[in-house]
Every structure is written in structure tokens, then in C-alpha cells.
file my_file-v9.cif (mmCIF, C-alpha atoms)
data_run
loop_
_atom_site.label_atom_id
_atom_site.label_comp_id
_atom_site.auth_asym_id
_atom_site.auth_seq_id
_atom_site.Cartn_x
_atom_site.Cartn_y
_atom_site.Cartn_z
CA MET A 1 55.83 -25.08 -174.88
CA THR A 2 52.40 -25.40 -173.28
CA ALA A 3 49.24 -24.18 -174.97
CA SER A 4 49.11 -21.06 -172.79
CA GLU A 5 52.74 -20.05 -173.46
CA ILE A 6 53.29 -17.59 -176.27
CA THR A 7 55.81 -17.54 -179.07
CA PRO A 8 58.46 -14.80 -179.32
CA GLU A 9 56.50 -13.28 -182.21
CA GLU A 10 53.30 -13.23 -180.13
CA GLN A 11 55.27 -11.67 -177.26
CA ALA A 12 56.53 -8.89 -179.53
CA GLU A 13 52.99 -8.21 -180.80
CA LEU A 14 51.63 -8.18 -177.25
CA ASP A 15 54.34 -5.78 -176.07
CA LYS A 16 53.56 -3.41 -178.94
CA ALA A 17 49.81 -3.55 -178.28
CA LEU A 18 50.31 -2.91 -174.56
CA TYR A 19 52.67 0.03 -175.17
CA ASP A 20 50.26 1.43 -177.77
CA ALA A 21 47.48 1.27 -175.17
CA LEU A 22 49.71 2.62 -172.40
CA ASN A 23 51.14 5.71 -174.08
CA PRO A 24 47.89 7.74 -174.31
CA LEU A 25 47.09 6.86 -170.69
CA ALA A 26 50.58 7.83 -169.50
CA SER A 27 50.31 11.11 -171.43
CA ALA A 28 46.91 11.86 -169.90
CA ILE A 29 48.17 11.13 -166.37
CA ARG A 30 51.25 13.30 -166.93
CA SER A 31 49.10 16.10 -168.35
CA ARG A 32 46.78 16.05 -165.31
CA GLU A 33 49.73 16.09 -162.90
CA THR A 34 51.56 19.00 -164.59
CA GLY A 35 48.81 20.95 -166.31
CA LEU A 36 50.81 20.65 -169.55
CA SER A 37 49.22 19.33 -172.73
CA ALA A 38 49.56 15.59 -173.37
CA ASP A 39 51.79 16.23 -176.38
CA ARG A 40 54.37 17.87 -174.08
CA MET A 41 54.68 14.82 -171.79
CA TRP A 42 58.20 14.08 -172.95
CA ASP A 43 59.36 17.64 -172.12
CA ALA A 44 59.45 16.75 -168.42
CA SER A 45 62.40 15.28 -166.54
CA PRO A 46 63.11 11.58 -167.20
CA VAL A 47 62.13 10.71 -163.61
CA GLU A 48 58.75 12.45 -163.93
CA VAL A 49 58.10 10.80 -167.30
CA ALA A 50 59.09 7.36 -165.93
CA LEU A 51 56.81 7.85 -162.90
CA SER A 52 53.92 8.79 -165.21
CA VAL A 53 54.52 5.61 -167.17
CA LEU A 54 54.64 3.61 -163.94
CA ALA A 55 51.35 5.19 -162.82
CA ALA A 56 49.78 4.20 -166.13
CA TRP A 57 51.01 0.60 -165.69
CA LYS A 58 49.40 0.55 -162.24
CA VAL A 59 46.06 1.55 -163.76
CA MET A 60 46.46 -1.12 -166.44
CA ASP A 61 47.36 -3.71 -163.82
CA GLY A 62 44.13 -2.98 -161.96
CA GLU A 63 42.14 -3.28 -165.17
CA VAL A 64 43.82 -6.57 -166.06
CA LYS A 65 42.94 -7.92 -162.60
CA ARG A 66 39.32 -6.79 -163.02
CA LEU A 67 39.06 -8.35 -166.48
CA THR A 68 40.78 -11.52 -165.26
CA GLU A 69 38.22 -11.86 -162.49
CA ARG A 70 35.43 -11.33 -165.00
CA ALA A 71 36.89 -14.10 -167.19
CA ALA A 72 37.13 -16.46 -164.18
CA VAL A 73 33.52 -15.71 -163.17
CA THR A 74 32.38 -16.27 -166.75
CA ALA A 75 34.19 -19.60 -166.90
CA GLY A 76 32.68 -20.55 -163.53
CA SER A 77 29.20 -19.62 -164.73
CA TYR A 78 29.64 -22.06 -167.60
CA GLY A 79 30.60 -24.82 -165.18
CA ALA A 80 34.36 -24.55 -164.78
CA SER A 81 35.63 -25.77 -161.43
CA TYR A 82 38.20 -24.12 -159.17
CA GLU A 83 40.53 -26.96 -160.12
CA GLN A 84 40.23 -26.01 -163.79
CA LEU A 85 40.63 -22.28 -163.09
CA GLY A 86 43.72 -23.00 -161.01
CA ALA A 87 45.22 -25.23 -163.70
CA VAL A 88 44.86 -22.48 -166.30
CA TRP A 89 46.35 -19.89 -163.95
CA GLY A 90 49.15 -22.18 -162.74
CA ILE A 91 47.92 -22.32 -159.13
CA THR A 92 46.18 -24.85 -156.94
CA ARG A 93 42.43 -25.29 -156.64
CA GLN A 94 42.63 -23.64 -153.23
CA GLY A 95 44.64 -20.76 -154.69
CA ALA A 96 42.00 -20.22 -157.36
CA ARG A 97 39.22 -20.25 -154.75
CA LYS A 98 41.15 -17.63 -152.75
CA LYS A 99 41.94 -15.50 -155.80
CA TRP A 100 38.37 -15.57 -157.21
CA PRO A 101 36.09 -16.53 -154.29
CA ASP A 102 32.89 -15.85 -156.22
CA ALA A 103 33.91 -17.36 -159.55
CA VAL A 104 32.35 -20.77 -159.05
CA SER A 105 28.86 -20.79 -157.68
CA ARG A 106 28.30 -23.44 -155.10
CA PRO A 107 25.13 -25.42 -155.43
CA THR A 108 22.40 -24.34 -153.11
CA PRO A 109 21.28 -26.99 -150.68
CA ALA A 110 19.22 -29.46 -152.63
CA THR A 111 16.71 -32.03 -151.57
CA ALA A 112 17.37 -35.31 -153.30
CA GLY A 113 14.12 -36.95 -152.42
CA ALA A 114 11.88 -38.40 -149.83
CA LEU A 115 11.79 -41.85 -148.32
CA ALA A 116 8.62 -43.39 -146.95
CA LEU A 117 9.51 -46.61 -145.12
CA PHE A 118 8.20 -48.50 -142.11
CA GLY A 119 5.45 -45.92 -141.56
CA GLY A 120 7.88 -42.97 -141.33
CA THR A 121 9.38 -40.45 -143.73
CA ALA A 122 12.79 -38.91 -144.34
CA GLU A 123 14.12 -36.23 -146.68
CA LEU A 124 17.62 -36.49 -148.15
CA VAL A 125 19.45 -33.15 -148.22
CA GLN A 126 22.71 -32.10 -149.88
CA SER A 127 24.70 -29.45 -148.01
CA PRO A 128 26.56 -26.60 -149.75
CA SER A 129 29.80 -28.50 -149.12
CA GLY A 130 28.47 -31.39 -151.22
CA GLY A 131 27.92 -33.88 -148.38
CA TRP A 132 24.61 -35.62 -147.84
CA GLY A 133 22.42 -35.91 -144.79
CA TRP A 134 18.83 -36.57 -143.90
CA THR A 135 16.05 -35.47 -141.60
CA GLY A 136 13.14 -37.70 -140.73
CA ARG A 137 10.32 -38.75 -138.46
CA GLY A 138 9.75 -42.36 -137.56
CA ALA A 139 6.32 -43.99 -137.32
CA ASP A 140 6.67 -43.86 -133.52
CA GLY A 141 7.00 -40.06 -133.66
CA ALA A 142 10.77 -39.97 -133.06
CA SER A 143 12.65 -37.30 -134.99
CA GLY A 144 16.13 -37.70 -136.33
CA THR A 145 18.47 -35.59 -138.35
CA VAL A 146 21.93 -35.85 -139.81
CA ALA A 147 21.63 -32.77 -142.02
CA GLU A 148 23.74 -30.20 -140.17
CA ARG A 149 27.05 -31.92 -140.69
CA ALA A 150 26.04 -33.87 -143.82
CA PRO A 151 28.71 -36.52 -143.24
CA TYR A 152 27.78 -38.91 -146.04
CA ALA A 153 29.58 -38.78 -149.37
CA THR A 154 26.62 -39.93 -151.48
CA ALA A 155 22.84 -39.67 -151.46
CA GLU A 156 22.67 -43.47 -151.43
CA GLU A 157 24.72 -43.65 -148.23
CA ALA A 158 22.50 -41.05 -146.55
CA ALA A 159 19.40 -42.95 -147.71
CA ALA A 160 20.71 -46.17 -146.20
CA HIS A 161 21.23 -44.48 -142.82
CA ALA A 162 17.85 -42.75 -143.00
CA GLY A 163 16.25 -46.11 -143.83
CA ALA A 164 17.93 -47.72 -140.82
CA PHE A 165 16.56 -44.91 -138.61
CA LEU A 166 13.04 -45.39 -140.01
CA LYS A 167 13.25 -49.15 -139.47
CA GLU A 168 14.42 -48.63 -135.88
CA HIS A 169 11.47 -46.31 -135.24
CA ALA A 170 8.78 -48.36 -136.96
CA LEU A 171 5.72 -49.28 -134.95
CA ASP A 172 5.60 -52.87 -133.81
CA VAL A 173 2.57 -54.77 -135.06
CA ASP A 174 1.64 -55.32 -131.40
CA ASP A 175 1.79 -51.52 -130.75
CA GLN A 176 -0.76 -50.75 -133.49
CA SER A 177 -3.76 -52.20 -131.65
#
call {"tool": "encode", "arguments": {"input": "my_file-v9.cif", "output": "C-alpha cells"}}
result
Amino acid sequence: MTASEITPEEQAELDKALYDALNPLASAIRSRETGLSADRMWDASPVEVALSVLAAWKVMDGEVKRLTERAAVTAGSYGASYEQLGAVWGITRQGARKKWPDAVSRPTPATAGALALFGGTAELVQSPSGGWGWTGRGADGASGTVAERAPYATAEEAAAHAGAFLKEHALDVDDQS
């Protein structure tokens, strides 16, 4: 038995609690549909009573989905990943992202820092997807950017490529006269 599975005793208690919550709702739905008082719900035909109960379960299902989403968003706000949400729900990371698309907030694009090398400057930027890129201007005035696609896995890798760009666009000592 996994931690999220319940014992037969817990299942019996859950069933009772759900039925206890369902009965007043089913009675209220039946009363609205027939105009009869809620205490006369069981005086109707078995089909009508069963349909009232089914309607009440539908309402409860919607509420469980709403509360489940709230729990996923709360977990995400505390730092849970889609992988963790999926593991708890018994689905993949992608399934969790599809089920609760707003549960995990993605980091906003961040600037990791500036480089000043060879007379030029570059800014390292992290994209929403997590990749790293850079945008810079060499000492010779040339502009370069690899921020749109952010193809580098780490800030260090992006910094190395930005540094190579700045070195390539440094002013020659002979050009400074």
C-alpha cells in the first residue's frame, strides 16, 4: 500500500462522510425540481430520486475538481514542481501541466548579470523556458544577441559565448589611435 492509498476503514469513513454531505444537497435539488419539501424527496419514483442523487454527485464532482485545483496551485506556490504534482496524482509531469496549467508559476525572465570584457558589455538573460542567452555590444559597436532562443543550458555557457563575442569585437590596439 502506498502512502496515498487508504485502508478499508478509512474508505468506509470517507464513504459515510461523502453520503452525509450528499444527502442534503440531493434533497435540495429534488425539492427545487418538484416543488416538494426536501423531507418528501423519497416519496418520488426511484428513477427521479436516483437522478437527483446523480445530479448532486455532479455538483460535488465539480467542487472536488475546483478544490483539487486550489490544492495544486497552493502546492505550486510553495515550490512544488509539475513533476511532483503529477507523481502525487499518478500522472506524468506533462499531464499535471495540462491538468493544472497555472499551478506552477514559471520564473519571469531574469537577468543573471553583466559582463564587461574587451571594451564591450553583455547581459546574460534567462528565458521563461529556463534556457540562457545573452545580448551585447562589442567595443567596435557591433551588436549581438542570442536571447530569443536562449539555447544554452547554463548561465556559465551563455557567458562563455558572450565573452567570445566580446573578444571577437574588441578594438585592436592599432585601431584606438
call {"tool": "resolve_selection", "arguments": {"input": "my_file-v9.cif", "expression": "the PyMOL selection byres ((chain A and resi 30) around 10)", "output": "ChimeraX atom specification"}}
result
/A:24-29,31-42,44,48-53,55-56
call {"tool": "atom_distance", "arguments": {"input": "my_file-v9.cif", "atom1": "atom CA of Leu14 of chain A", "atom2": "atom CA of Asp43 of chain A"}}
result
27.4 Å
call {"tool": "closest_atom_pairs", "arguments": {"input": "my_file-v9.cif", "of": "segment 12-53 of chain A", "to": "segment 60-69 of chain A", "cutoff": "10 Å", "atoms": "only C-alpha atoms", "output": "tab-separated table"}}
result
residue	atom	partner	partner_atom	distance
A:Leu18	CA	A:Met60	CA	9.2
A:Ala21	CA	A:Met60	CA	9.1
A:Leu22	CA	A:Met60	CA	7.8
A:Leu25	CA	A:Met60	CA	9.1
call {"tool": "resolve_selection", "arguments": {"input": "my_file-v9.cif", "expression": "the PyMOL selection byres ((chain A and resi 156) around 12)", "output": "ChimeraX atom specification"}}
result
/A:112-113,115,124-126,131-134,152-155,157-163
call {"tool": "atom_distance", "arguments": {"input": "my_file-v9.cif", "atom1": "atom CA of Pro101 of chain A", "atom2": "atom CA of Ser81 of chain A"}}
result
11.7 Å
call {"tool": "resolve_selection", "arguments": {"input": "my_file-v9.cif", "expression": "the PyMOL selection byres ((chain A and resi 100) around 10)", "output": "number ranges by chain"}}
result
A: 68-70, 72-73, 76, 82, 85-86, 94-99, 101-104
call {"tool": "closest_residue", "arguments": {"input": "my_file-v9.cif", "among": "A:Lys58, A:Glu13, A:Ser105, A:Ser45", "to": "Ala80 of chain A", "atoms": "all atoms listed in the file"}}
result
A:Ser105
call {"tool": "closest_residue", "arguments": {"input": "my_file-v9.cif", "among": "A:Trp57, A:Thr74, A:Thr121, A:Gly138", "to": "Asn23 of chain A", "atoms": "all atoms listed in the file"}}
result
A:Trp57
call {"tool": "closest_residue", "arguments": {"input": "my_file-v9.cif", "among": "A:Asp140, A:Glu10, A:Asp15, A:Glu5", "to": "Asp172 of chain A", "atoms": "only C-alpha atoms"}}
result
A:Asp140
call {"tool": "residues_around", "arguments": {"input": "my_file-v9.cif", "residues": "Gly141 of chain A", "least_positions_apart": "3", "cutoff": "10 Å", "atoms": "only C-alpha atoms", "output": "PyMOL selection string"}}
result
chain A and resi 119-120+136-138+144+169-171
call {"tool": "closest_residue", "arguments": {"input": "my_file-v9.cif", "among": "A:Leu54, A:Val146, A:Ile6, A:Val47", "to": "Glu123 of chain A", "atoms": "all atoms listed in the file"}}
result
A:Val146
call {"tool": "atom_distance", "arguments": {"input": "my_file-v9.cif", "atom1": "atom CA of Val59 of chain A", "atom2": "atom CA of Trp89 of chain A"}}
result
21.4 Å
call {"tool": "closest_residue", "arguments": {"input": "my_file-v9.cif", "among": "A:Pro128, A:Ala142, A:Ala114, A:Gln84", "to": "Lys167 of chain A", "atoms": "only C-alpha atoms"}}
result
A:Ala142
